[in-house]
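I have placed the structure first, in the form of structure tokens, so that the comments after it can refer back to it.
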Amino acid sequence: MVRFVNISSCFFVFLLVLAFGDLAVRVEARAFFVFGDSLVDNGNNNYLVTTARADAPPYGIDYPTHRPTGRFSNGLNIPDIISEEMGWEPTLPYLNPQLRGPKLLVGANFASAGVGVLNDTGIQFVNIIRIYQQLNYFEEYQQRLRALIGIDEARKVVNESLVLITLGGNDFVNNYYLVPYSARSRQYSLQDYVPFVISEYKKVLRRLYTLGVLRVIVTGTGPLGCVPAELALHSRNGECAEELMEAAELYNPQLKDMLKDLNDEIGRKVFIAANTNQMHMDFISEPQRFGPYNGIGLCTPFSNLCPNRDLYVFWDPFHPSEKANRIIVQQILNGDNKYMHPMNLRTMLAMDSKA
């Protein structure tokens, strides 16, 4: 939470309010930064020449404008819903030209559909914002923020921000298992590939920490073998694809352990693990708790849409519906240690408010 306590800082805020009108609302809100892939991309790929796009109907059919926005969803995605729950203004894609002036204080979304931890993930999509370029853009963002509000206040905005990062799934579905005998599957067994991806992810997160962020929610992969695309390819009787399920079962515990190690190295709880695999498995193993969710197949302008998308986990072959995203966010906010480690988001915010 950004607070200004001395007289000069308060005068500084007053000047900004005079200059930017509605800025006062943002002073008490954290900036929110988002990194990762299509699960959290809110439109950056609309500005790129790439096949990894969600800018045509029926994407966005349940978004407030009922138009495609670049989100791989029928409506809101996870960052949108976190902002909504917090009462924050939603972040803009970093490539959106409207992200300037006081909008910078809201934060930014750097995510790009198709990316992974590894630079060779998603090469078939050609022009996407790979994770280290996302971090470079974050550095550029900070330069722009410093020009707007000064070095000290910009540092405070970043230090007191919330970060969400979602990576890893594409390193399997759009790399290791993309084609039979892929380069990575010939280079590594699955048991060796997972630790390799985790070790590379640790480098990404270390770099993110050096850029000044102190609160980072890191989501795992979902049950990769249970998404509609994999069921269509590999399932005869509705069972999940075994190899991809093994990948998720190896990856997610190792990710959690890596985050704990990283926190221990740093000496503070910077990184929070969100067990999105378990959140998704709840839909699959206990559907009566949530409704009769299922996958609805491919998402194109010619798709046969279900009349009530709230009854389904999946919106397209890989991505959750808005309803599923809302349930996931509730676990991020309030979930116990089974879902969030070492704490959920509300606990983190409560602790920070007392600091």
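Residues are named by chain letter and number: chains run A, B, ... in the order of the structure tokens, numbers start at 1 in each chain, and ligands are numbered from 1 in the order shown.
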
Give me every helix (DSSP H, G or I) residue in range 52-136 of chain A, going by DSSP on the backbone, as a list in words.
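After running DSSP on the backbone, range 52-136 of chain A has helix (DSSP H, G or I) at Ile78, Pro79, Asp80, Ile81, Ile82, Ser83, Glu84, Glu85, Met86, Gly101, Pro102, Lys103, Leu104, Leu105, Val106, Ile123, Gln124, Phe125, Ile131, Tyr132, Gln133, Gln134, Leu135 and Asn136 of chain A.
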
Just-selected residues, N, CA, C and O atoms written as a short mmCIF file (atom, residue, chain, number, x, y, z; two decimals), in the first residue's frame:
data_model
loop_
_atom_site.label_atom_id
_atom_site.label_comp_id
_atom_site.auth_asym_id
_atom_site.auth_seq_id
_atom_site.Cartn_x
_atom_site.Cartn_y
_atom_site.Cartn_z
N ILE A 78 -7.84 -14.12 -14.57
CA ILE A 78 -7.46 -14.11 -13.15
C ILE A 78 -6.97 -12.74 -12.69
O ILE A 78 -7.42 -12.26 -11.64
N PRO A 79 -6.08 -12.06 -13.41
CA PRO A 79 -5.68 -10.72 -12.94
C PRO A 79 -6.85 -9.74 -12.84
O PRO A 79 -6.92 -8.94 -11.90
N ASP A 80 -7.76 -9.80 -13.82
CA ASP A 80 -8.94 -8.92 -13.76
C ASP A 80 -9.71 -9.12 -12.47
O ASP A 80 -10.16 -8.16 -11.83
N ILE A 81 -9.90 -10.38 -12.10
CA ILE A 81 -10.75 -10.70 -10.96
C ILE A 81 -10.04 -10.35 -9.65
O ILE A 81 -10.66 -9.90 -8.69
N ILE A 82 -8.72 -10.53 -9.61
CA ILE A 82 -7.97 -10.09 -8.43
C ILE A 82 -8.14 -8.58 -8.27
O ILE A 82 -8.42 -8.09 -7.16
N SER A 83 -7.99 -7.82 -9.34
CA SER A 83 -8.17 -6.37 -9.26
C SER A 83 -9.58 -6.02 -8.81
O SER A 83 -9.78 -5.13 -7.98
N GLU A 84 -10.55 -6.73 -9.34
CA GLU A 84 -11.95 -6.48 -8.97
C GLU A 84 -12.17 -6.75 -7.49
O GLU A 84 -12.80 -5.96 -6.79
N GLU A 85 -11.64 -7.86 -7.00
CA GLU A 85 -11.81 -8.21 -5.59
C GLU A 85 -11.12 -7.21 -4.67
O GLU A 85 -11.60 -6.95 -3.56
N MET A 86 -10.01 -6.66 -5.11
CA MET A 86 -9.27 -5.70 -4.31
C MET A 86 -9.82 -4.29 -4.42
O MET A 86 -9.40 -3.39 -3.70
N GLY A 101 1.03 8.37 -18.16
CA GLY A 101 0.59 9.29 -17.12
C GLY A 101 0.16 8.54 -15.87
O GLY A 101 0.80 7.58 -15.45
N PRO A 102 -0.94 8.96 -15.24
CA PRO A 102 -1.37 8.35 -13.98
C PRO A 102 -1.74 6.88 -14.11
O PRO A 102 -1.74 6.16 -13.12
N LYS A 103 -2.03 6.41 -15.33
CA LYS A 103 -2.33 4.98 -15.50
C LYS A 103 -1.15 4.12 -15.10
O LYS A 103 -1.31 2.95 -14.73
N LEU A 104 0.06 4.66 -15.17
CA LEU A 104 1.24 3.90 -14.78
C LEU A 104 1.20 3.52 -13.31
O LEU A 104 1.76 2.49 -12.91
N LEU A 105 0.53 4.32 -12.49
CA LEU A 105 0.46 4.03 -11.05
C LEU A 105 -0.41 2.82 -10.73
O LEU A 105 -0.30 2.25 -9.65
N VAL A 106 -1.25 2.43 -11.67
CA VAL A 106 -2.10 1.25 -11.48
C VAL A 106 -1.26 -0.02 -11.57
O VAL A 106 -1.55 -1.03 -10.93
N ILE A 123 7.99 -21.28 -30.00
CA ILE A 123 8.64 -20.73 -31.21
C ILE A 123 7.70 -20.74 -32.40
O ILE A 123 7.85 -19.93 -33.32
N GLN A 124 6.69 -21.62 -32.39
CA GLN A 124 5.75 -21.66 -33.51
C GLN A 124 4.89 -20.42 -33.59
O GLN A 124 4.30 -20.14 -34.65
N PHE A 125 4.81 -19.65 -32.49
CA PHE A 125 4.01 -18.43 -32.50
C PHE A 125 4.81 -17.22 -32.98
O PHE A 125 4.26 -16.15 -33.16
N ILE A 131 9.81 -14.22 -21.66
CA ILE A 131 9.78 -13.77 -20.27
C ILE A 131 10.88 -12.77 -19.95
O ILE A 131 10.65 -11.79 -19.22
N TYR A 132 12.06 -12.93 -20.50
CA TYR A 132 13.11 -11.96 -20.19
C TYR A 132 12.83 -10.62 -20.85
O TYR A 132 13.20 -9.56 -20.31
N GLN A 133 12.14 -10.63 -21.99
CA GLN A 133 11.72 -9.36 -22.57
C GLN A 133 10.64 -8.71 -21.72
O GLN A 133 10.60 -7.48 -21.58
N GLN A 134 9.76 -9.53 -21.12
CA GLN A 134 8.77 -8.98 -20.18
C GLN A 134 9.48 -8.26 -19.03
O GLN A 134 9.06 -7.17 -18.61
N LEU A 135 10.54 -8.87 -18.53
CA LEU A 135 11.29 -8.24 -17.44
C LEU A 135 12.01 -6.98 -17.92
O LEU A 135 12.11 -5.99 -17.18
N ASN A 136 12.50 -7.00 -19.16
CA ASN A 136 13.10 -5.78 -19.72
C ASN A 136 12.06 -4.67 -19.82
O ASN A 136 12.37 -3.50 -19.54
#

Strand (DSSP E) positions in range 65-270 of chain A, given as a PyMOL selection string
chain A and resi 107-109+162-166+216-219

Determine the nearest neighbour of Arg130 in chain A from the options A:Thr210, A:Asp55, A:Asn45, A:Phe72, counting only C-alpha atoms.
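Ranked by minimum distance to Arg130 in chain A, first place goes to A:Asn45.
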
In terms of the shortest atom-to-atom distance over only C-alpha atoms, which of A:Pro320, A:Gly122, A:Gly168, A:Gly267 is closest to Glu200 in chain A?
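Smallest distance to Glu200 in chain A is found for A:Gly168.
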